[in-house]
2 protein chains.
Amino acid sequence: MTYTRNTLAIDSFAALGDPTRRAIFERVAMKPASVGYLAKGLPVSRPAVSQHLRVLKEAGLVTESPEGARRIYRIDPRGIAAMRAWLDSHWAFALDAFKEFADKQDEEKSK
Amino acid sequence: MTYTRNTLAIDSFAALGDPTRRAIFERVAMKPASVGYLAKGLPVSRPAVSQHLRVLKEAGLVTESPEGARRIYRIDPRGIAAMRAWLDSHWAFALDAFKEFADKQDEEKSK
DNA sequence: TACGAGTGTAAGTCATAACTTACCGTAAGT
DNA sequence: ACTTACGGTAAGTTATGACTTACACTCGTA
């Protein structure tokens with residue numbers, strides 16, 4: 001069952017929902033890194049990191065660029081941009097709706 | 001294994017990673033609604049919706065307020081705010097890092 | 001107080017996905 | 001060419017979580 005389109009933002013949420021992937025993403029965001037380097041600092045095997053990086057790549061959150069025998073992973077602005085856009089589309093509305101509700105609550109109390 | 005704190009933003013990503021929960025959240029964001037009302041518009045049972053709402057509530061994405069026999073769910077700005085903050089903390093850096101990398105790529109090519 | 005509407009929770013099932021080990025390909029150095 | 005470093009993929013295991021049905025609770029109304 002699919003409820004909506006906008007696959008980039010969607011996949012990004014699912015991708016960052018996993019704690020291991022979020023840890024990998026944060027490390028890559030701090031500094032571009034290879035698979036082996038990332039695996040050394042994490043409690044999972046190298047193939048696991050490799051698999052997570054593929055998911056992050058497909059979600060538009062990181063990019064891969066061969067550098068000799070290694071492959072350096074870097075942060076990709078597209079995924080973050082898509083998520084920001086999705087959040088912003090709800091943000092203003094969320095504030096309005098909540099404020100209106102809060103105001104009504106106050107009216108109830110002061111009756 | 002837990003990698004980091006900031007549980008609100010973290011739980012929010014995991015919560016919105018599920019397509020059914022994202023659908024529920026989007027509907028609640030558009031208009032406050034009861035559990036039964038939401039269930040009628042979705043391909044899952046009412047208890048399933050109830051369980052999803054609990055996850056969304058614990059992630060700070062919705063609030064619950066009894067209204068007679070019903071419980072009305074509304075959007076909660078805190079979850080979205082936490083996610084925006086998390087994203088923004090990576091956003092500027094992502095752009096910088098990516099731009100720098102792109103520039104280097106250009107230098108390589110023009111050698 | 002009895003009843004119907006609305007909802008949360010418990011328990012169990014099943015699909016998904018996160019992880020492991022084993023294997024194979026590719027690039028650089030001797 | 002051989003070897004070593006690096007990393008993706010396959011296959012299998014296991015834990016997680018999304019879903020169902022059954023049950024219990026609360027609130028308003030007759």
# chains A, B, ... in the order shown; residues from 1 in each chain; ligands from 1
call {"tool": "calpha_fit_and_write", "arguments": {"fixed": "chain A", "moving": "chain B", "output": "compact mmCIF listing (two decimals) with N, CA, C and O atoms, in the first residue's frame"}}
result
# COMPACT_ATOMS: atom_id res chain seq x y z
N MET B 1 1.15 -1.34 0.07
CA MET B 1 0.29 -0.15 0.02
C MET B 1 1.13 1.11 0.03
O MET B 1 1.96 1.32 0.89
N THR B 2 0.93 1.93 -0.98
CA THR B 2 1.65 3.21 -0.99
C THR B 2 0.62 4.33 -0.89
O THR B 2 -0.41 4.30 -1.55
N TYR B 3 0.90 5.31 -0.05
CA TYR B 3 -0.06 6.36 0.21
C TYR B 3 0.22 7.62 -0.59
O TYR B 3 -0.66 8.40 -0.85
N THR B 4 1.50 7.81 -0.94
CA THR B 4 1.85 9.07 -1.57
C THR B 4 3.10 8.94 -2.41
O THR B 4 3.77 7.93 -2.41
N ARG B 5 3.40 9.95 -3.16
CA ARG B 5 4.61 9.99 -3.98
C ARG B 5 5.71 10.74 -3.22
O ARG B 5 5.82 10.54 -2.03
N ASN B 6 6.49 11.57 -3.90
CA ASN B 6 7.57 12.30 -3.22
C ASN B 6 8.53 11.32 -2.57
O ASN B 6 8.82 11.39 -1.38
N THR B 7 9.04 10.39 -3.39
CA THR B 7 9.78 9.27 -2.85
C THR B 7 11.06 9.68 -2.14
O THR B 7 11.49 8.99 -1.23
N LEU B 8 11.65 10.78 -2.55
CA LEU B 8 12.94 11.15 -1.97
C LEU B 8 12.81 11.46 -0.48
O LEU B 8 13.54 10.92 0.34
N ALA B 9 11.87 12.34 -0.16
CA ALA B 9 11.67 12.69 1.24
C ALA B 9 11.22 11.47 2.04
O ALA B 9 11.67 11.23 3.16
N ILE B 10 10.35 10.68 1.43
CA ILE B 10 9.82 9.51 2.11
C ILE B 10 10.91 8.52 2.45
O ILE B 10 11.05 8.09 3.59
N ASP B 11 11.71 8.15 1.45
CA ASP B 11 12.78 7.21 1.70
C ASP B 11 13.77 7.76 2.72
O ASP B 11 14.39 7.00 3.46
N SER B 12 13.91 9.08 2.74
CA SER B 12 14.84 9.68 3.68
C SER B 12 14.39 9.45 5.11
O SER B 12 15.20 9.13 5.99
N PHE B 13 13.11 9.63 5.37
CA PHE B 13 12.61 9.40 6.73
C PHE B 13 12.84 7.96 7.14
O PHE B 13 13.32 7.68 8.24
N ALA B 14 12.49 7.04 6.26
CA ALA B 14 12.68 5.63 6.57
C ALA B 14 14.16 5.33 6.79
O ALA B 14 14.53 4.60 7.71
N ALA B 15 15.01 5.92 5.95
CA ALA B 15 16.45 5.66 6.04
C ALA B 15 17.00 6.14 7.38
O ALA B 15 17.75 5.43 8.04
N LEU B 16 16.62 7.33 7.80
CA LEU B 16 17.15 7.89 9.04
C LEU B 16 16.42 7.35 10.26
O LEU B 16 16.80 7.65 11.40
N GLY B 17 15.40 6.57 10.05
CA GLY B 17 14.68 5.98 11.18
C GLY B 17 15.51 4.92 11.87
O GLY B 17 15.38 4.72 13.08
N ASP B 18 16.41 4.30 11.15
CA ASP B 18 17.26 3.29 11.76
C ASP B 18 18.45 3.94 12.47
O ASP B 18 19.16 4.75 11.87
N PRO B 19 18.69 3.59 13.72
CA PRO B 19 19.75 4.25 14.51
C PRO B 19 21.15 4.03 13.93
O PRO B 19 21.97 4.95 13.95
N THR B 20 21.41 2.85 13.41
CA THR B 20 22.73 2.60 12.82
C THR B 20 22.94 3.47 11.59
O THR B 20 24.01 4.05 11.40
N ARG B 21 21.90 3.58 10.76
CA ARG B 21 22.03 4.41 9.56
C ARG B 21 22.18 5.87 9.92
O ARG B 21 22.92 6.61 9.27
N ARG B 22 21.48 6.31 10.98
CA ARG B 22 21.62 7.70 11.37
C ARG B 22 23.05 7.96 11.86
O ARG B 22 23.64 9.00 11.57
N ALA B 23 23.62 6.99 12.57
CA ALA B 23 25.01 7.13 13.03
C ALA B 23 25.96 7.23 11.84
O ALA B 23 26.87 8.05 11.83
N ILE B 24 25.74 6.38 10.85
CA ILE B 24 26.59 6.41 9.66
C ILE B 24 26.45 7.75 8.95
O ILE B 24 27.44 8.37 8.55
N PHE B 25 25.20 8.19 8.81
CA PHE B 25 24.96 9.46 8.11
C PHE B 25 25.64 10.62 8.84
O PHE B 25 26.26 11.48 8.20
N GLU B 26 25.55 10.62 10.15
CA GLU B 26 26.15 11.72 10.91
C GLU B 26 27.67 11.74 10.76
O GLU B 26 28.28 12.79 10.66
N ARG B 27 28.26 10.54 10.71
CA ARG B 27 29.72 10.47 10.54
C ARG B 27 30.11 10.95 9.15
O ARG B 27 31.09 11.70 8.99
N VAL B 28 29.37 10.52 8.16
CA VAL B 28 29.67 10.94 6.79
C VAL B 28 29.47 12.45 6.65
O VAL B 28 30.21 13.12 5.92
N ALA B 29 28.46 12.95 7.33
CA ALA B 29 28.19 14.39 7.26
C ALA B 29 29.35 15.18 7.85
O ALA B 29 29.70 16.25 7.35
N MET B 30 29.93 14.66 8.93
CA MET B 30 31.06 15.34 9.56
C MET B 30 32.30 15.31 8.65
O MET B 30 33.02 16.28 8.56
N LYS B 31 32.49 14.16 8.02
CA LYS B 31 33.70 14.00 7.20
C LYS B 31 33.47 12.87 6.21
O LYS B 31 33.07 11.79 6.60
N PRO B 32 33.73 13.12 4.91
CA PRO B 32 33.63 12.06 3.91
C PRO B 32 34.48 10.87 4.33
O PRO B 32 35.57 11.06 4.88
N ALA B 33 33.99 9.67 4.09
CA ALA B 33 34.70 8.49 4.59
C ALA B 33 34.45 7.28 3.70
O ALA B 33 33.48 7.23 2.94
N SER B 34 35.34 6.31 3.83
CA SER B 34 35.20 5.05 3.10
C SER B 34 34.40 4.06 3.93
O SER B 34 34.18 4.26 5.13
N VAL B 35 34.00 2.98 3.32
CA VAL B 35 33.21 1.97 4.01
C VAL B 35 33.99 1.37 5.17
O VAL B 35 33.49 1.27 6.29
N GLY B 36 35.22 0.96 4.88
CA GLY B 36 36.03 0.32 5.90
C GLY B 36 36.29 1.22 7.10
O GLY B 36 36.22 0.77 8.25
N TYR B 37 36.54 2.49 6.81
CA TYR B 37 36.78 3.44 7.90
C TYR B 37 35.56 3.57 8.79
O TYR B 37 35.66 3.58 10.02
N LEU B 38 34.39 3.65 8.17
CA LEU B 38 33.16 3.77 8.94
C LEU B 38 32.92 2.51 9.77
O LEU B 38 32.52 2.58 10.94
N ALA B 39 33.18 1.35 9.18
CA ALA B 39 32.92 0.08 9.86
C ALA B 39 33.78 -0.05 11.11
O ALA B 39 33.35 -0.61 12.12
N LYS B 40 35.01 0.49 11.04
CA LYS B 40 35.91 0.36 12.19
C LYS B 40 35.35 1.09 13.41
O LYS B 40 35.60 0.69 14.53
N GLY B 41 34.60 2.16 13.19
CA GLY B 41 34.07 2.93 14.31
C GLY B 41 32.66 2.53 14.73
O GLY B 41 32.05 3.19 15.56
N LEU B 42 32.16 1.46 14.18
CA LEU B 42 30.78 1.04 14.48
C LEU B 42 30.73 -0.42 14.91
O LEU B 42 31.60 -1.20 14.54
N PRO B 43 29.71 -0.77 15.68
CA PRO B 43 29.62 -2.14 16.23
C PRO B 43 29.02 -3.14 15.26
O PRO B 43 28.49 -4.15 15.70
N VAL B 44 29.05 -2.84 13.97
CA VAL B 44 28.51 -3.79 12.99
C VAL B 44 29.57 -4.12 11.94
O VAL B 44 30.57 -3.42 11.83
N SER B 45 29.33 -5.16 11.19
CA SER B 45 30.31 -5.61 10.20
C SER B 45 30.38 -4.66 9.01
O SER B 45 29.52 -3.82 8.81
N ARG B 46 31.44 -4.83 8.21
CA ARG B 46 31.60 -3.99 7.04
C ARG B 46 30.48 -4.15 6.02
O ARG B 46 29.96 -3.16 5.51
N PRO B 47 30.08 -5.39 5.72
CA PRO B 47 28.95 -5.53 4.80
C PRO B 47 27.69 -4.83 5.29
O PRO B 47 26.92 -4.27 4.48
N ALA B 48 27.46 -4.86 6.58
CA ALA B 48 26.29 -4.17 7.12
C ALA B 48 26.36 -2.68 6.81
O ALA B 48 25.37 -2.07 6.37
N VAL B 49 27.53 -2.10 7.01
CA VAL B 49 27.72 -0.68 6.70
C VAL B 49 27.49 -0.43 5.22
O VAL B 49 26.84 0.54 4.82
N SER B 50 28.01 -1.35 4.40
CA SER B 50 27.85 -1.21 2.95
C SER B 50 26.37 -1.21 2.56
O SER B 50 25.94 -0.42 1.72
N GLN B 51 25.62 -2.10 3.17
CA GLN B 51 24.18 -2.17 2.88
C GLN B 51 23.46 -0.91 3.34
O GLN B 51 22.57 -0.40 2.66
N HIS B 52 23.83 -0.41 4.50
CA HIS B 52 23.21 0.83 5.00
C HIS B 52 23.52 1.99 4.06
O HIS B 52 22.65 2.82 3.80
N LEU B 53 24.76 2.04 3.58
CA LEU B 53 25.14 3.13 2.68
C LEU B 53 24.34 3.09 1.38
O LEU B 53 24.01 4.13 0.81
N ARG B 54 24.02 1.89 0.95
CA ARG B 54 23.21 1.79 -0.27
C ARG B 54 21.82 2.40 -0.04
O ARG B 54 21.30 3.11 -0.89
N VAL B 55 21.25 2.10 1.11
CA VAL B 55 19.93 2.66 1.44
C VAL B 55 20.01 4.18 1.51
O VAL B 55 19.16 4.89 0.96
N LEU B 56 21.06 4.68 2.16
CA LEU B 56 21.23 6.13 2.28
C LEU B 56 21.42 6.76 0.90
O LEU B 56 20.92 7.85 0.63
N LYS B 57 22.13 6.06 0.04
CA LYS B 57 22.37 6.58 -1.30
C LYS B 57 21.07 6.64 -2.10
O LYS B 57 20.78 7.64 -2.76
N GLU B 58 20.26 5.58 -2.00
CA GLU B 58 18.99 5.54 -2.73
C GLU B 58 18.02 6.59 -2.19
O GLU B 58 17.10 7.00 -2.88
N ALA B 59 18.22 6.99 -0.94
CA ALA B 59 17.36 8.01 -0.34
C ALA B 59 17.86 9.41 -0.66
O ALA B 59 17.27 10.40 -0.23
N GLY B 60 18.96 9.50 -1.39
CA GLY B 60 19.51 10.80 -1.75
C GLY B 60 20.21 11.50 -0.61
O GLY B 60 20.31 12.72 -0.59
N LEU B 61 20.67 10.72 0.36
CA LEU B 61 21.30 11.32 1.54
C LEU B 61 22.83 11.33 1.45
O LEU B 61 23.48 12.15 2.09
N VAL B 62 23.39 10.41 0.68
CA VAL B 62 24.84 10.40 0.48
C VAL B 62 25.14 10.11 -0.99
O VAL B 62 24.29 9.60 -1.72
N THR B 63 26.34 10.45 -1.39
CA THR B 63 26.80 10.11 -2.74
C THR B 63 28.06 9.27 -2.64
O THR B 63 28.76 9.31 -1.63
N GLU B 64 28.33 8.54 -3.70
CA GLU B 64 29.46 7.62 -3.72
C GLU B 64 30.38 8.05 -4.85
O GLU B 64 29.92 8.33 -5.95
N SER B 65 31.69 8.12 -4.55
CA SER B 65 32.62 8.46 -5.61
C SER B 65 33.89 7.62 -5.47
O SER B 65 34.59 7.72 -4.48
N PRO B 66 34.16 6.78 -6.46
CA PRO B 66 35.35 5.93 -6.43
C PRO B 66 36.61 6.76 -6.33
O PRO B 66 36.72 7.83 -6.95
N GLU B 67 37.52 6.30 -5.55
CA GLU B 67 38.79 7.01 -5.37
C GLU B 67 39.87 5.94 -5.24
O GLU B 67 40.18 5.48 -4.16
N GLY B 68 40.40 5.54 -6.37
CA GLY B 68 41.31 4.40 -6.38
C GLY B 68 40.49 3.16 -6.09
O GLY B 68 39.42 2.96 -6.64
N ALA B 69 41.02 2.31 -5.21
CA ALA B 69 40.32 1.09 -4.87
C ALA B 69 39.16 1.36 -3.91
O ALA B 69 38.26 0.55 -3.77
N ARG B 70 39.19 2.53 -3.27
CA ARG B 70 38.16 2.84 -2.28
C ARG B 70 36.97 3.54 -2.90
O ARG B 70 37.00 3.95 -4.05
N ARG B 71 35.94 3.65 -2.13
CA ARG B 71 34.79 4.47 -2.53
C ARG B 71 34.49 5.41 -1.38
O ARG B 71 34.17 4.98 -0.28
N ILE B 72 34.59 6.67 -1.68
CA ILE B 72 34.37 7.67 -0.64
C ILE B 72 32.91 8.11 -0.66
O ILE B 72 32.36 8.43 -1.71
N TYR B 73 32.31 8.10 0.51
CA TYR B 73 30.92 8.53 0.64
C TYR B 73 30.86 9.93 1.23
O TYR B 73 31.56 10.24 2.19
N ARG B 74 30.02 10.75 0.59
CA ARG B 74 29.86 12.14 1.02
C ARG B 74 28.40 12.45 1.24
O ARG B 74 27.53 11.78 0.68
N ILE B 75 28.14 13.46 2.00
CA ILE B 75 26.77 13.88 2.23
C ILE B 75 26.19 14.45 0.94
O ILE B 75 26.90 15.07 0.14
N ASP B 76 24.91 14.18 0.70
CA ASP B 76 24.21 14.66 -0.49
C ASP B 76 23.10 15.62 -0.05
O ASP B 76 22.21 15.22 0.70
N PRO B 77 23.16 16.86 -0.48
CA PRO B 77 22.18 17.86 0.00
C PRO B 77 20.75 17.56 -0.42
O PRO B 77 19.81 18.02 0.22
N ARG B 78 20.56 16.78 -1.46
CA ARG B 78 19.21 16.58 -2.00
C ARG B 78 18.26 15.95 -0.99
O ARG B 78 17.12 16.40 -0.83
N GLY B 79 18.72 14.91 -0.31
CA GLY B 79 17.86 14.24 0.66
C GLY B 79 17.44 15.18 1.77
O GLY B 79 16.25 15.28 2.11
N ILE B 80 18.41 15.87 2.34
CA ILE B 80 18.10 16.82 3.41
C ILE B 80 17.16 17.90 2.91
O ILE B 80 16.21 18.29 3.60
N ALA B 81 17.41 18.37 1.70
CA ALA B 81 16.55 19.42 1.13
C ALA B 81 15.12 18.93 1.01
O ALA B 81 14.17 19.65 1.36
N ALA B 82 14.95 17.70 0.55
CA ALA B 82 13.60 17.16 0.39
C ALA B 82 12.89 17.05 1.73
O ALA B 82 11.70 17.37 1.85
N MET B 83 13.63 16.63 2.75
CA MET B 83 13.02 16.50 4.07
C MET B 83 12.65 17.86 4.63
O MET B 83 11.58 18.04 5.22
N ARG B 84 13.54 18.82 4.45
CA ARG B 84 13.24 20.16 4.93
C ARG B 84 11.99 20.70 4.25
O ARG B 84 11.14 21.34 4.89
N ALA B 85 11.88 20.46 2.96
CA ALA B 85 10.71 20.94 2.23
C ALA B 85 9.44 20.29 2.77
O ALA B 85 8.42 20.96 2.97
N TRP B 86 9.51 19.00 3.02
CA TRP B 86 8.35 18.29 3.54
C TRP B 86 7.96 18.84 4.91
O TRP B 86 6.79 19.11 5.18
N LEU B 87 8.96 19.01 5.75
CA LEU B 87 8.68 19.52 7.09
C LEU B 87 8.11 20.94 7.03
O LEU B 87 7.13 21.25 7.72
N ASP B 88 8.72 21.76 6.21
CA ASP B 88 8.27 23.15 6.12
C ASP B 88 6.84 23.24 5.62
O ASP B 88 6.09 24.15 6.00
N SER B 89 6.43 22.29 4.78
CA SER B 89 5.07 22.33 4.25
C SER B 89 4.06 22.05 5.37
O SER B 89 2.89 22.33 5.23
N HIS B 90 4.52 21.47 6.46
CA HIS B 90 3.63 21.21 7.60
C HIS B 90 3.87 22.17 8.76
O HIS B 90 3.01 22.33 9.62
N TRP B 91 5.01 22.79 8.74
CA TRP B 91 5.45 23.54 9.90
C TRP B 91 4.54 24.73 10.23
O TRP B 91 3.96 24.81 11.32
N ALA B 92 4.38 25.62 9.29
CA ALA B 92 3.58 26.81 9.53
C ALA B 92 2.16 26.41 9.91
O ALA B 92 1.58 26.93 10.87
N PHE B 93 1.63 25.45 9.19
CA PHE B 93 0.28 24.98 9.46
C PHE B 93 0.18 24.39 10.87
O PHE B 93 -0.79 24.61 11.60
N ALA B 94 1.19 23.65 11.25
CA ALA B 94 1.19 23.04 12.58
C ALA B 94 1.11 24.09 13.66
O ALA B 94 0.32 23.98 14.61
N LEU B 95 1.89 25.13 13.50
CA LEU B 95 1.89 26.20 14.48
C LEU B 95 0.53 26.87 14.55
O LEU B 95 -0.02 27.10 15.62
N ASP B 96 -0.03 27.20 13.40
CA ASP B 96 -1.33 27.86 13.35
C ASP B 96 -2.40 27.02 14.02
O ASP B 96 -3.12 27.48 14.90
N ALA B 97 -2.49 25.77 13.60
CA ALA B 97 -3.52 24.88 14.12
C ALA B 97 -3.37 24.73 15.63
O ALA B 97 -4.35 24.76 16.37
N PHE B 98 -2.14 24.60 16.07
CA PHE B 98 -1.92 24.38 17.49
C PHE B 98 -2.25 25.65 18.29
O PHE B 98 -2.85 25.59 19.35
N LYS B 99 -1.88 26.78 17.74
CA LYS B 99 -2.14 28.05 18.43
C LYS B 99 -3.66 28.28 18.55
O LYS B 99 -4.16 28.64 19.60
N GLU B 100 -4.35 28.04 17.47
CA GLU B 100 -5.80 28.21 17.47
C GLU B 100 -6.43 27.32 18.54
O GLU B 100 -7.31 27.75 19.28
N PHE B 101 -5.96 26.09 18.59
CA PHE B 101 -6.48 25.16 19.58
C PHE B 101 -6.19 25.63 20.99
O PHE B 101 -7.04 25.61 21.88
N ALA B 102 -4.97 26.12 21.21
CA ALA B 102 -4.58 26.60 22.53
C ALA B 102 -5.45 27.78 22.95
O ALA B 102 -5.87 27.89 24.10
N ASP B 103 -5.74 28.65 22.00
CA ASP B 103 -6.58 29.80 22.30
C ASP B 103 -7.97 29.37 22.72
O ASP B 103 -8.54 29.88 23.69
N LYS B 104 -8.52 28.42 22.00
CA LYS B 104 -9.85 27.91 22.36
C LYS B 104 -9.84 27.32 23.75
O LYS B 104 -10.78 27.49 24.52
N GLN B 105 -8.78 26.61 24.07
CA GLN B 105 -8.67 26.03 25.40
C GLN B 105 -8.75 27.11 26.47
O GLN B 105 -9.42 26.96 27.49
N ASP B 106 -8.06 28.21 26.20
CA ASP B 106 -8.07 29.32 27.16
C ASP B 106 -9.47 29.88 27.32
O ASP B 106 -9.92 30.16 28.44
N GLU B 107 -10.19 30.03 26.21
CA GLU B 107 -11.57 30.54 26.29
C GLU B 107 -12.43 29.64 27.16
O GLU B 107 -13.18 30.11 28.01
N GLU B 108 -12.29 28.34 26.96
CA GLU B 108 -13.07 27.39 27.76
C GLU B 108 -12.83 27.62 29.24
O GLU B 108 -13.74 27.68 30.05
N LYS B 109 -11.58 27.73 29.57
CA LYS B 109 -11.21 27.85 30.98
C LYS B 109 -11.73 29.13 31.59
O LYS B 109 -12.13 29.16 32.76
N SER B 110 -11.73 30.22 30.85
CA SER B 110 -12.11 31.52 31.41
C SER B 110 -13.61 31.74 31.37
O SER B 110 -14.09 32.83 31.67
N LYS B 111 -14.38 30.72 30.97
CA LYS B 111 -15.83 30.88 30.95
C LYS B 111 -16.39 30.93 32.36
O LYS B 111 -16.04 30.08 33.19
call {"tool": "select_by_dssp", "arguments": {"residues": "chain B", "states": "helix (DSSP H, G or I)", "output": "ChimeraX atom specification"}}
result
/B:7-17,19-30,35-40,46-58,77-109
call {"tool": "residues_around", "arguments": {"residues": "DA10 (chain C)", "least_positions_apart": "4", "cutoff": "12 Å", "atoms": "only C-alpha atoms (C1' of nucleotides)", "output": "number ranges by chain"}}
result
B: 47; D: 21-24
call {"tool": "closest_atom_pairs", "arguments": {"of": "chain C", "to": "region 13-17 of chain D", "cutoff": "10 Å", "atoms": "only C-alpha atoms (C1' of nucleotides)", "output": "Markdown table"}}
result
| residue | atom | partner | partner_atom | distance |
| --- | --- | --- | --- | --- |
| C:DA15 | C1' | D:DG17 | C1' | 9.5 |
| C:DT16 | C1' | D:DT16 | C1' | 8.6 |
| C:DA17 | C1' | D:DT16 | C1' | 8.4 |
| C:DA18 | C1' | D:DA15 | C1' | 8.2 |
| C:DC19 | C1' | D:DT14 | C1' | 8.3 |
| C:DT20 | C1' | D:DT13 | C1' | 7.9 |
call {"tool": "write_last_selection", "arguments": {"atoms": "N, CA, C and O atoms (P, O5', C5', C4', C3', O3' and C1' of nucleotides)", "output": "compact mmCIF listing (two decimals), in the first residue's frame"}}
result
# COMPACT_ATOMS: atom_id res chain seq x y z
P DA C 15 3.51 -13.80 5.52
O5' DA C 15 4.20 -12.43 5.08
C5' DA C 15 3.47 -11.22 5.22
C4' DA C 15 4.41 -10.06 5.47
C3' DA C 15 5.60 -9.99 4.51
O3' DA C 15 5.81 -8.64 4.14
C1' DA C 15 6.38 -10.12 6.75
P DT C 16 6.84 -8.31 2.93
O5' DT C 16 7.91 -7.38 3.65
C5' DT C 16 7.46 -6.43 4.61
C4' DT C 16 8.58 -6.09 5.57
C3' DT C 16 9.92 -5.78 4.88
O3' DT C 16 10.38 -4.55 5.40
C1' DT C 16 10.24 -7.31 6.64
P DA C 17 11.41 -3.66 4.48
O5' DA C 17 12.64 -3.37 5.44
C5' DA C 17 12.46 -3.32 6.85
C4' DA C 17 13.70 -3.84 7.55
C3' DA C 17 15.01 -3.64 6.77
O3' DA C 17 16.09 -3.48 7.67
C1' DA C 17 14.77 -5.86 7.25
P DA C 18 16.58 -1.98 8.03
O5' DA C 18 17.66 -2.24 9.17
C5' DA C 18 17.26 -2.77 10.41
C4' DA C 18 18.23 -3.83 10.91
C3' DA C 18 19.71 -3.58 10.56
O3' DA C 18 20.50 -3.77 11.73
C1' DA C 18 19.08 -5.75 9.92
P DC C 19 22.04 -3.34 11.71
O5' DC C 19 22.81 -4.74 11.61
C5' DC C 19 22.77 -5.63 12.71
C4' DC C 19 23.08 -7.05 12.28
C3' DC C 19 24.46 -7.26 11.66
O3' DC C 19 25.41 -7.55 12.66
C1' DC C 19 22.73 -8.58 10.61
P DT C 20 26.99 -7.67 12.25
O5' DT C 20 27.13 -9.20 11.81
C5' DT C 20 26.82 -10.25 12.75
C4' DT C 20 26.81 -11.58 12.04
C3' DT C 20 28.09 -11.91 11.27
O3' DT C 20 28.93 -12.73 12.07
C1' DT C 20 26.13 -12.37 9.94
call {"tool": "select_by_dssp", "arguments": {"residues": "chain B", "states": "strand (DSSP E)", "output": "PyMOL selection string"}}
result
chain B and resi 33-34+62-67+70-75
call {"tool": "residues_around", "arguments": {"residues": "DT30 (chain C)", "least_positions_apart": "5", "cutoff": "12 Å", "atoms": "only C-alpha atoms (C1' of nucleotides)", "output": "list of chain:residue names"}}
result
D:DA1, D:DC2, D:DT3, D:DT4
call {"tool": "write_last_selection", "arguments": {"atoms": "all heavy atoms", "output": "short mmCIF file (atom, residue, chain, number, x, y, z; two decimals), in the first residue's frame"}}
result
data_model
loop_
_atom_site.label_atom_id
_atom_site.label_comp_id
_atom_site.auth_asym_id
_atom_site.auth_seq_id
_atom_site.Cartn_x
_atom_site.Cartn_y
_atom_site.Cartn_z
P DA D 1 50.95 -11.22 -17.17
OP1 DA D 1 49.79 -10.47 -17.23
OP2 DA D 1 52.04 -11.52 -18.01
"O5'" DA D 1 51.11 -11.89 -15.74
"C5'" DA D 1 51.36 -13.27 -15.62
"C4'" DA D 1 51.92 -13.47 -14.23
"O4'" DA D 1 52.48 -12.22 -13.73
"C3'" DA D 1 50.87 -13.89 -13.22
"O3'" DA D 1 51.50 -14.73 -12.26
"C2'" DA D 1 50.45 -12.58 -12.61
"C1'" DA D 1 51.76 -11.82 -12.57
N9 DA D 1 51.61 -10.36 -12.65
C8 DA D 1 50.91 -9.65 -13.58
N7 DA D 1 50.98 -8.35 -13.41
C5 DA D 1 51.77 -8.21 -12.29
C6 DA D 1 52.23 -7.09 -11.58
N6 DA D 1 51.92 -5.84 -11.93
N1 DA D 1 53.01 -7.31 -10.51
C2 DA D 1 53.32 -8.57 -10.17
N3 DA D 1 52.96 -9.70 -10.76
C4 DA D 1 52.19 -9.44 -11.81
P DC D 2 50.65 -15.72 -11.40
OP1 DC D 2 51.23 -17.08 -11.50
OP2 DC D 2 49.24 -15.47 -11.75
"O5'" DC D 2 50.92 -15.18 -9.92
"C5'" DC D 2 52.27 -14.99 -9.48
"C4'" DC D 2 52.27 -14.21 -8.16
"O4'" DC D 2 52.13 -12.80 -8.43
"C3'" DC D 2 51.15 -14.59 -7.21
"O3'" DC D 2 51.68 -14.74 -5.90
"C2'" DC D 2 50.18 -13.42 -7.31
"C1'" DC D 2 51.13 -12.25 -7.60
N1 DC D 2 50.51 -11.12 -8.34
C2 DC D 2 50.77 -9.80 -7.93
O2 DC D 2 51.52 -9.61 -6.97
N3 DC D 2 50.21 -8.77 -8.63
C4 DC D 2 49.42 -9.01 -9.67
N4 DC D 2 48.91 -7.98 -10.31
C5 DC D 2 49.13 -10.35 -10.09
C6 DC D 2 49.69 -11.36 -9.41
P DT D 3 50.77 -15.17 -4.68
OP1 DT D 3 51.55 -16.10 -3.84
OP2 DT D 3 49.45 -15.57 -5.21
"O5'" DT D 3 50.61 -13.80 -3.89
"C5'" DT D 3 51.75 -12.96 -3.71
"C4'" DT D 3 51.32 -11.67 -3.03
"O4'" DT D 3 50.78 -10.74 -4.00
"C3'" DT D 3 50.24 -11.87 -1.96
"O3'" DT D 3 50.54 -11.05 -0.85
"C2'" DT D 3 48.97 -11.40 -2.67
"C1'" DT D 3 49.53 -10.28 -3.54
N1 DT D 3 48.71 -9.92 -4.73
C2 DT D 3 48.57 -8.59 -5.06
O2 DT D 3 49.09 -7.70 -4.44
N3 DT D 3 47.80 -8.36 -6.19
C4 DT D 3 47.17 -9.30 -6.97
O4 DT D 3 46.51 -8.97 -7.95
C5 DT D 3 47.36 -10.67 -6.56
C7 DT D 3 46.71 -11.78 -7.35
C6 DT D 3 48.11 -10.91 -5.48
P DT D 4 49.99 -11.36 0.60
OP1 DT D 4 51.12 -11.73 1.46
OP2 DT D 4 48.83 -12.26 0.43
"O5'" DT D 4 49.44 -9.94 1.06
"C5'" DT D 4 50.14 -8.74 0.68
"C4'" DT D 4 49.15 -7.61 0.57
"O4'" DT D 4 48.52 -7.61 -0.74
"C3'" DT D 4 48.00 -7.65 1.59
"O3'" DT D 4 47.93 -6.41 2.25
"C2'" DT D 4 46.77 -7.94 0.74
"C1'" DT D 4 47.16 -7.28 -0.58
N1 DT D 4 46.43 -7.76 -1.78
C2 DT D 4 46.00 -6.84 -2.70
O2 DT D 4 46.18 -5.65 -2.60
N3 DT D 4 45.33 -7.38 -3.79
C4 DT D 4 45.07 -8.71 -4.02
O4 DT D 4 44.47 -9.08 -5.02
C5 DT D 4 45.55 -9.63 -3.01
C7 DT D 4 45.30 -11.09 -3.16
C6 DT D 4 46.20 -9.11 -1.95
#
call {"tool": "atom_distance", "arguments": {"atom1": "C1' of DT1 (chain C)", "atom2": "C1' of DT26 (chain D)"}}
result
15.2 Å
